[in-house]
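Peer 1: Before anything else, here's the structure in question.
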Amino acid sequence: MGDVLSTHLDDSRRQYISEKTRKILTEFLRFYEDQYGVALFNSMRHEIEGTGLPQAQLLWRKVPLDERIIFSGNLFQHQEDNKKWRNRFSLVPHNYGLVLYENKVAYERQVPPRAVINSAGYKILTSVDQYLELVGNSLPGTTSKSGSAPILKCPTQFPLILWHPSARHYYFCMMTEAEQDKWQAVLQDCIRHCNNGIPEDSKVEGPAFTDAIRMYRQSKELYGTWEMLCGNEVQILSNLVMEELGPELKVELGPRLKGKPQERQRQWIQISDAVYRMVYEQAAAQFEAALSKLQLARPAMEAVIRTDMDQIITSKEHLASKIRAFILPKAEVCVRNHVQPYIPSILEALMVPTSQGFTEVRDVFFKEVTDMNLNIINEGGIDKLGEYMEKLSQLAYHPLKMQSCYEKMEPLRLDGLQQRFDVSSTSVFKQRAQIHMREQMDNAVYTFETLLHQELGKGPTKEELCKSIQRILERVLKKYDYDSSSVRKRFFREALLQITIPFLLKKLAPTCKSELPRFQELIFEDFARFILVENTYEEVVLQTVMKDILQAVKEAAVQRKHNLYRDSVVMHNSDPNLHLLAEGAPVDWGEEFGGGSGNGGGPRPAVPEAAPTSEKQRRAKQVVSMVRDEEAGPPFEAGPELLSPASPDSVTELRGLLAQDLRVESPPPAGPLLNGAPAQESARPAATPEASPPASPLQQLPPGKAADLEPPKPSDQETGEQVSSPGGRPAIHTTTEDSAGVQTEF
């Protein structure tokens with residue numbers, strides 16, 4: 001590898017890469033500085049004027065999934081240095097960075113992990129043929145001949161490959177299809193989370209950055225959605241540079257690569273990854289310097305905005321009126337002829353899978369709570385409540401149980417419309433809808449937790465508790481129906497704008513864009529940092545199509561399509577005291593009700609008095625585990641599922657059973673339900689019960705080790721592997737249970 005890099009990335013070429021990167025970033029940062037002032041003004045104006053968004057009925061968790069492990073287990077990884085496959089113990093902590101250890105013993109002994117993978121921008125491939133096709137397309141002229149040795153050989157029929165257009169690739173494989181399905185769901189969850197890398201609570205830096213990316217690409221005549229707008233700011237900037245730099249290097253270096261086609265492919269992957277790392281380091285330094293400069297200037301900018309807010313608004317409205325008078329006739333014709341006829345079909349294509357996904361979220365939540373209620377009746381009431389609620393509280397972050405919801409978005413297609421509106425991929429809409437599903441599930445669960453905890457203060461009997469759970473469930477479902485309708489309508493409006501606005505701007509650019517500079521003289525110099533002609537022009541274009549989009553979504557709601565509420569249906573303060581309940585500390589169900597899985601639902605061991613409160617609360621609890629003892633068999637050998645004797649599938653059956661059990665207490669079932677889950681974790685039909693291990697109960701650490709919990713953070717630098725230094729953070733400890741249900745702590 002060293003010879004390849006030293007040959008093709010010598011000092012002169014590295015100097016060229018550095019200069020090219022600096023040029024692209026400098027040009028982008030000019031857009032970013034311009035957009036920063038606009039975003040700051042918009043944020044402060046929003047704080048003063050507020051919005052007309054409907055009040056959410058569900059509560060939201062302020063610190064979601066703190067100190068949890070999402071998933072853990074064994075998988076084979078291909079080593080680039082010696083071309084061998086090695087068994088790795090792997091886990092996914094709450095920050096969604098895939099952590100790879102040498103083996104389970106290294107994890108137990110708190111040896112630093114071998115790698116932490118940030119998966120932003122990656123795609124999951126489930127076959128070597130898919131991978132070879134992508135690799136062949138990435139470097140023209142390197143397609144392997146039939147019968148020749150491919151770049152990668154997988155020892156099993158169940159590979160999982162993480163592919164990135166610029167960074168290094170990762171090769172994993174499993175022994176069974178069930179394991180492949182589960183790891184695919186987990187890794188897809190990692191990608192979904194890491195792609196959403198810009199914090200949504202960033203009201204200035206986030207909008208300024210995304211607007212600057214859009215403006216920069218439009219200046220290069222690149223309109224439409226961009227598939228590589230994923231990860232944090234530095235990762236996105238690295239993708240932006242590689243979008244321009246990558247093809248240049250490919251043309252220059254491609255013909256110089258030596259060897260057979262597969263060897264040249266391997267060389268290009270190494271070169272591309274090395275360049276990506278160089279670009280990342282430079283982008284991180286330049287962006288940090290620019291951001292620090294803007295943050296230093298922010299107090300002075302805020303002072304001007306506070307003092308002259310009214311004058312800035314007046315000046316902007318005057319500018320907008322002049323631009324509107326100029327472009328409105330052209331824009332209206334363009335909307336009427338090229339956009340308006342297609343809005344209903346785009347909306348329908350979005351509505352069907354999205355609404356099916358949110359309906360599935362509702363059904364999964366209902367079934368989990370109802371199964372929990374049945375378990376309380378059958379297995380001893382409140383004594384088990386803490387254990388059940390610990391599991392339920394993590395439902396939204398359980399990649400296997402949520403998979404059936406996420407899968408509803410996969411059929412999303414904009415057939416015939418993607419080319420017309422220059423939509424490179426629908427993945428951006430799929431992932432956004434899936435994130436909304438997870439948020440709404442967690443909001444529903446957290447609201448249920450809060451209301452149930454209030455009810456438990458009354459000291460109910462087992463029968464009263466079960467009735468209360470059913471009553472609270474129905475109450476939460478009503479709130480969910482309202483909130484999910486509001487979220488979906490907002491998602492549809494945003495998606496329609498994201499599809500149509502770039503198309504309109506591209507259509508209008510030849511006749512309108514060249515005339516925009518003459519409007520600059522209408523902006524006072526003192527306000528030039530907060531009002532930009534280009535942004536105001538886009539807002540005017542948006543307004544021309546917005547009324548058609550709002551009307552289309554409104555008609556869908558009036559027709560009761562996909563359970564959307566009409567805009568006139570508003571729930572105001574239906575629970576005026578509910579939000580006050582959420583102001584308290586989060587409920588620790590295992591601690592308060594003795595349901596920690598590490599103690600089989602009994603009381604927890606006492607924490608020494610000298611231990612600080614924060615140490616008591618820091619426990620690495622695992623959402624779902626695939627960990628098994630290596631001595632028990634192959635690392636992918638699955639244990640039997642814990643089956644309930646009867647797992648009703650329909651909502652009607654569940655309601656009937658629950659009502660019946662409330663009247664006459666049923667005998668306990670032969671095997672416990674897994675937090676109400678009907679036997680199988682995986683939603684895929686290929687995962688048979690024999691191949692699907694049961695989810696382990698939630699775990700807790702011994703008090704003395706609680707203070708050591710700090711999960712390794714994913715390395716966003718490389719969107720790839722980071723080898724830990726000897727002084728790295730210790731591993732996260734958890735417990736699990738093997739296929740026989742015997743709990744093991746390590």
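Note on naming: chains are A, B, ... as they come in the structure tokens, residues start from 1 per chain, ligands start from 1 in the order shown.
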Quick one: everything within 12 Å of range 124-126 of chain A, counting only C-alpha atoms, minus sequence neighbours fewer than 4 positions away in the same chain. Send it as an NGL selection string.

Peer 2: :A and (119-120 or 130-135 or 154 or 156-164 or 169-174 or 177 or 180-181 or 183-192)

Peer 1: Would you kindly return, as an mmCIF file with N, CA and C atoms, in the first residue's frame, each protein, DNA or RNA residue with an atom no farther than 7 Å from any atom of range 402-410 of chain A, considering only C-alpha atoms and excluding same-chain residues fewer than 3 positions away?

Peer 2:
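Dumped to out.cif:
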data_model
loop_
_atom_site.group_PDB
_atom_site.id
_atom_site.type_symbol
_atom_site.label_atom_id
_atom_site.label_comp_id
_atom_site.auth_asym_id
_atom_site.auth_seq_id
_atom_site.Cartn_x
_atom_site.Cartn_y
_atom_site.Cartn_z
ATOM 1 N N ALA A 185 -29.889 -4.462 9.602
ATOM 2 C CA ALA A 185 -30.792 -3.514 10.265
ATOM 3 C C ALA A 185 -30.024 -2.607 11.212
ATOM 4 N N PRO A 353 -46.178 5.324 1.251
ATOM 5 C CA PRO A 353 -45.245 4.610 2.136
ATOM 6 C C PRO A 353 -45.047 5.299 3.481
ATOM 7 N N THR A 354 -45.074 6.639 3.489
ATOM 8 C CA THR A 354 -44.865 7.360 4.748
ATOM 9 C C THR A 354 -45.981 7.067 5.731
ATOM 10 N N GLN A 356 -47.994 4.527 5.746
ATOM 11 C CA GLN A 356 -47.919 3.125 6.153
ATOM 12 C C GLN A 356 -46.872 2.938 7.255
ATOM 13 N N GLY A 357 -45.754 3.641 7.139
ATOM 14 C CA GLY A 357 -44.721 3.551 8.165
ATOM 15 C C GLY A 357 -45.186 4.071 9.502
ATOM 16 N N GLU A 360 -47.529 1.675 11.073
ATOM 17 C CA GLU A 360 -46.795 0.560 11.657
ATOM 18 C C GLU A 360 -46.189 0.948 13.002
ATOM 19 N N VAL A 361 -45.699 2.182 13.125
ATOM 20 C CA VAL A 361 -45.193 2.660 14.409
ATOM 21 C C VAL A 361 -46.286 2.576 15.468
ATOM 22 N N ALA A 396 -37.924 2.692 20.707
ATOM 23 C CA ALA A 396 -37.644 3.479 19.505
ATOM 24 C C ALA A 396 -36.223 3.263 18.993
ATOM 25 N N HIS A 398 -34.600 0.277 19.225
ATOM 26 C CA HIS A 398 -34.401 -1.147 18.983
ATOM 27 C C HIS A 398 -34.428 -1.369 17.472
ATOM 28 N N PRO A 399 -33.274 -1.559 16.834
ATOM 29 C CA PRO A 399 -33.249 -1.590 15.364
ATOM 30 C C PRO A 399 -34.063 -2.716 14.755
ATOM 31 N N LYS A 430 -36.450 9.085 2.280
ATOM 32 C CA LYS A 430 -36.666 7.874 3.074
ATOM 33 C C LYS A 430 -36.077 8.038 4.468
ATOM 34 N N GLN A 434 -37.939 8.167 8.141
ATOM 35 C CA GLN A 434 -37.600 7.170 9.157
ATOM 36 C C GLN A 434 -37.152 7.820 10.457
ATOM 37 N N ALA A 683 -37.981 -8.639 11.525
ATOM 38 C CA ALA A 683 -39.219 -8.507 10.779
ATOM 39 C C ALA A 683 -39.158 -9.242 9.449
#

Peer 1: Considering only strand (DSSP E or B) as DSSP defines it on the backbone, what residues of range 95-290 of chain A qualify? List them as a VMD selection string.

Peer 2: chain A and resid 98 to 101 115 to 117 123 to 125 158 to 163 170 to 174

Peer 1: Selection from above, C-alpha atoms, as a short mmCIF file (atom, residue, chain, number, x, y, z; two decimals), in the first residue's frame, can you write it?

Peer 2:
data_model
loop_
_atom_site.label_atom_id
_atom_site.label_comp_id
_atom_site.auth_asym_id
_atom_site.auth_seq_id
_atom_site.Cartn_x
_atom_site.Cartn_y
_atom_site.Cartn_z
CA LEU A 98 -19.48 0.74 15.21
CA VAL A 99 -16.75 -0.34 17.67
CA LEU A 100 -14.56 -3.32 16.72
CA TYR A 101 -12.53 -5.23 19.33
CA ALA A 115 -11.41 0.62 15.30
CA VAL A 116 -14.40 2.94 15.55
CA ILE A 117 -16.31 3.39 12.29
CA LYS A 123 -24.19 2.34 1.68
CA ILE A 124 -24.80 -1.24 2.77
CA LEU A 125 -24.37 -3.91 0.11
CA PHE A 158 -23.91 -13.63 3.64
CA PRO A 159 -21.65 -10.59 3.24
CA LEU A 160 -22.28 -7.05 4.42
CA ILE A 161 -20.13 -4.43 2.72
CA LEU A 162 -19.93 -0.76 3.70
CA TRP A 163 -19.24 1.18 0.50
CA TYR A 170 -15.34 -2.28 5.04
CA TYR A 171 -16.04 -5.95 4.44
CA PHE A 172 -17.97 -8.14 6.89
CA CYS A 173 -19.64 -11.51 6.62
CA MET A 174 -21.94 -13.67 8.73
#

Peer 1: So which residues touch Glu221 in chain A within 12 Å, counting only C-alpha atoms, skipping near sequence neighbours fewer than 6 positions away, as a ChimeraX atom specification?

Peer 2: /A:214-215,502-503,505-507,509-510,513

Peer 1: Could you save the residues just selected, with N, CA and C atoms, as a PDB file, in the first residue's frame?

Peer 2:
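out-v5.pdb was written with the following content:
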ATOM      1  N   ARG A 214     -26.014  24.648  -0.579  1.00  0.00           N
ATOM      2  CA  ARG A 214     -26.934  24.753  -1.719  1.00  0.00           C
ATOM      3  C   ARG A 214     -26.518  25.884  -2.660  1.00  0.00           C
ATOM      4  N   MET A 215     -26.187  27.051  -2.077  1.00  0.00           N
ATOM      5  CA  MET A 215     -25.798  28.200  -2.901  1.00  0.00           C
ATOM      6  C   MET A 215     -24.507  27.921  -3.669  1.00  0.00           C
ATOM      7  N   PRO A 502     -35.578  23.665  -6.424  1.00  0.00           N
ATOM      8  CA  PRO A 502     -34.389  23.636  -7.290  1.00  0.00           C
ATOM      9  C   PRO A 502     -34.750  23.574  -8.776  1.00  0.00           C
ATOM     10  N   PHE A 503     -35.813  22.847  -9.098  1.00  0.00           N
ATOM     11  CA  PHE A 503     -36.256  22.762 -10.490  1.00  0.00           C
ATOM     12  C   PHE A 503     -36.680  24.137 -11.008  1.00  0.00           C
ATOM     13  N   LEU A 505     -35.783  27.115  -9.804  1.00  0.00           N
ATOM     14  CA  LEU A 505     -34.626  28.010  -9.869  1.00  0.00           C
ATOM     15  C   LEU A 505     -33.795  27.738 -11.125  1.00  0.00           C
ATOM     16  N   LYS A 506     -33.666  26.477 -11.482  1.00  0.00           N
ATOM     17  CA  LYS A 506     -32.920  26.130 -12.689  1.00  0.00           C
ATOM     18  C   LYS A 506     -33.643  26.608 -13.937  1.00  0.00           C
ATOM     19  N   LYS A 507     -34.970  26.494 -13.953  1.00  0.00           N
ATOM     20  CA  LYS A 507     -35.761  26.936 -15.100  1.00  0.00           C
ATOM     21  C   LYS A 507     -35.703  28.453 -15.267  1.00  0.00           C
ATOM     22  N   ALA A 509     -33.339  30.509 -14.036  1.00  0.00           N
ATOM     23  CA  ALA A 509     -31.985  31.086 -14.019  1.00  0.00           C
ATOM     24  C   ALA A 509     -31.595  31.795 -15.315  1.00  0.00           C
ATOM     25  N   PRO A 510     -31.848  31.239 -16.519  1.00  0.00           N
ATOM     26  CA  PRO A 510     -31.394  31.912 -17.750  1.00  0.00           C
ATOM     27  C   PRO A 510     -31.981  33.310 -17.941  1.00  0.00           C
ATOM     28  N   LYS A 513     -31.580  35.285 -13.320  1.00  0.00           N
ATOM     29  CA  LYS A 513     -30.422  35.366 -12.428  1.00  0.00           C
ATOM     30  C   LYS A 513     -29.485  36.511 -12.794  1.00  0.00           C
TER      31      LYS A 513
END

Peer 1: Set out as a tab-separated table a contact list for range 223-253 of chain A and range 272-275 of chain A with a cut-off of 10 Å, giving each residue of range 223-253 of chain A that qualifies its closest atom pair and distance in Å to one decimal, counting only C-alpha atoms, ordered by chain and rising residue number.

Peer 2:
residue	atom	partner	partner_atom	distance
A:Ser238	CA	A:Val275	CA	9.9
A:Met242	CA	A:Val275	CA	8.6
A:Leu245	CA	A:Val275	CA	9.3
A:Gly246	CA	A:Ser272	CA	7.6
A:Leu249	CA	A:Ser272	CA	8.7
A:Lys250	CA	A:Ser272	CA	8.9

Peer 1: By how many Å are CA of Ile469 in chain A and CA of Ser485 in chain A apart?

Peer 2: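 Those two atoms sit 24.0 Å apart.
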
Peer 1: Skipping near chain neighbours, those fewer than 5 positions away, what residues fall within 8 Å of Thr21 in chain A using only C-alpha atoms, listed as a ChimeraX atom specification?

Peer 2: /A:241,245,279,282-283

Peer 1: Have a look at CA of Ala528 in chain A and CA of Phe209 in chain A and let me know their distance in Å, one decimal.

Peer 2: 18.6 Å

Peer 1: Find the residue from A:Asn535, A:Gln622, A:Gln498, A:Thr314 that sits nearest to Asp422 in chain A; use only C-alpha atoms when measuring.

Peer 2: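 So, comparing all the options, the nearest one is A:Gln498.
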
Peer 1: Using only C-alpha atoms, what does the table of range 352-464 of chain A residues within 10 Å of range 473-476 of chain A look like, with each row giving the shortest atom pair and its distance in Å to one decimal, sorted by chain and ascending number, as a Markdown table?

Peer 2:
| residue | atom | partner | partner_atom | distance |
| --- | --- | --- | --- | --- |
| A:Phe365 | CA | A:Leu473 | CA | 9.1 |
| A:Phe366 | CA | A:Leu473 | CA | 7.4 |
| A:Val369 | CA | A:Leu473 | CA | 7.4 |
| A:Thr370 | CA | A:Leu473 | CA | 8.4 |
| A:Asn443 | CA | A:Val476 | CA | 9.6 |
| A:Ala444 | CA | A:Val476 | CA | 6.4 |
| A:Val445 | CA | A:Val476 | CA | 8.6 |
| A:Tyr446 | CA | A:Val476 | CA | 9.8 |
| A:Thr447 | CA | A:Val476 | CA | 6.9 |
| A:Phe448 | CA | A:Val476 | CA | 6.4 |
| A:Leu451 | CA | A:Val476 | CA | 9.0 |
| A:Leu452 | CA | A:Leu473 | CA | 9.3 |

Peer 1: Could you tell me how far CA of Gln520 in chain A lies from CA of Glu534 in chain A, in Å and to one decimal?

Peer 2: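 Going from CA of Gln520 in chain A over to CA of Glu534 in chain A, I get 9.6 Å.
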
Peer 1: Just checking: using only C-alpha atoms, which residue out of A:Ser345, A:Ser6, A:Ser202, A:Thr450 ends up closest to Met389 in chain A?

Peer 2: A:Thr450

Peer 1: Under the rule that only C-alpha atoms are counted, which of A:Val234, A:Met441, A:Ala285, A:Leu253 is the nearest residue to Gln394 in chain A?

Peer 2: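 Checking each candidate against Gln394 in chain A, we get A:Met441 as the closest.
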
Peer 1: Using only C-alpha atoms, which protein or nucleic acid residues come within 8 Å of range 27-31 of chain A? Drop anything in the same chain fewer than 3 positions from it, and give the result as a PyMOL selection string.

Peer 2: chain A and resi 23-24+34-35+212-213+215-216+287+290

Peer 1: Mind writing the picked residues with C-alpha atoms as a short mmCIF file (atom, residue, chain, number, x, y, z; two decimals), in the first residue's frame?

Peer 2:
data_model
loop_
_atom_site.label_atom_id
_atom_site.label_comp_id
_atom_site.auth_asym_id
_atom_site.auth_seq_id
_atom_site.Cartn_x
_atom_site.Cartn_y
_atom_site.Cartn_z
CA LYS A 23 -9.46 26.98 -3.29
CA ILE A 24 -12.76 25.09 -3.07
CA ASP A 34 -22.86 35.44 3.90
CA GLN A 35 -25.43 32.89 5.04
CA ALA A 212 -24.27 27.76 1.88
CA ILE A 213 -23.86 24.24 0.48
CA MET A 215 -25.80 28.20 -2.90
CA TYR A 216 -22.29 26.96 -3.68
CA PHE A 287 -13.85 25.35 8.75
CA ALA A 290 -13.88 30.35 9.81
#

Peer 1: With only C-alpha atoms as the atoms that count, which of A:Leu257, A:Leu222, A:Tyr122, A:Glu200 lies nearest to Thr7 in chain A?

Peer 2: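 Ranking A:Leu257, A:Leu222, A:Tyr122, A:Glu200 by distance to Thr7 in chain A, first place goes to A:Leu257.
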
Peer 1: Per DSSP on the backbone, filter range 214-283 of chain A down to the residues in alpha helix (DSSP H) and report them as a count of residues only.

Peer 2: 50

Peer 1: Give me the residues within 12 Å of Arg306 in chain A as an MDAnalysis selection string, counting only C-alpha atoms and dropping any in the same chain fewer than 4 places off.

Peer 2: chainID A and resid 40:45 47:48 299:302 310:313
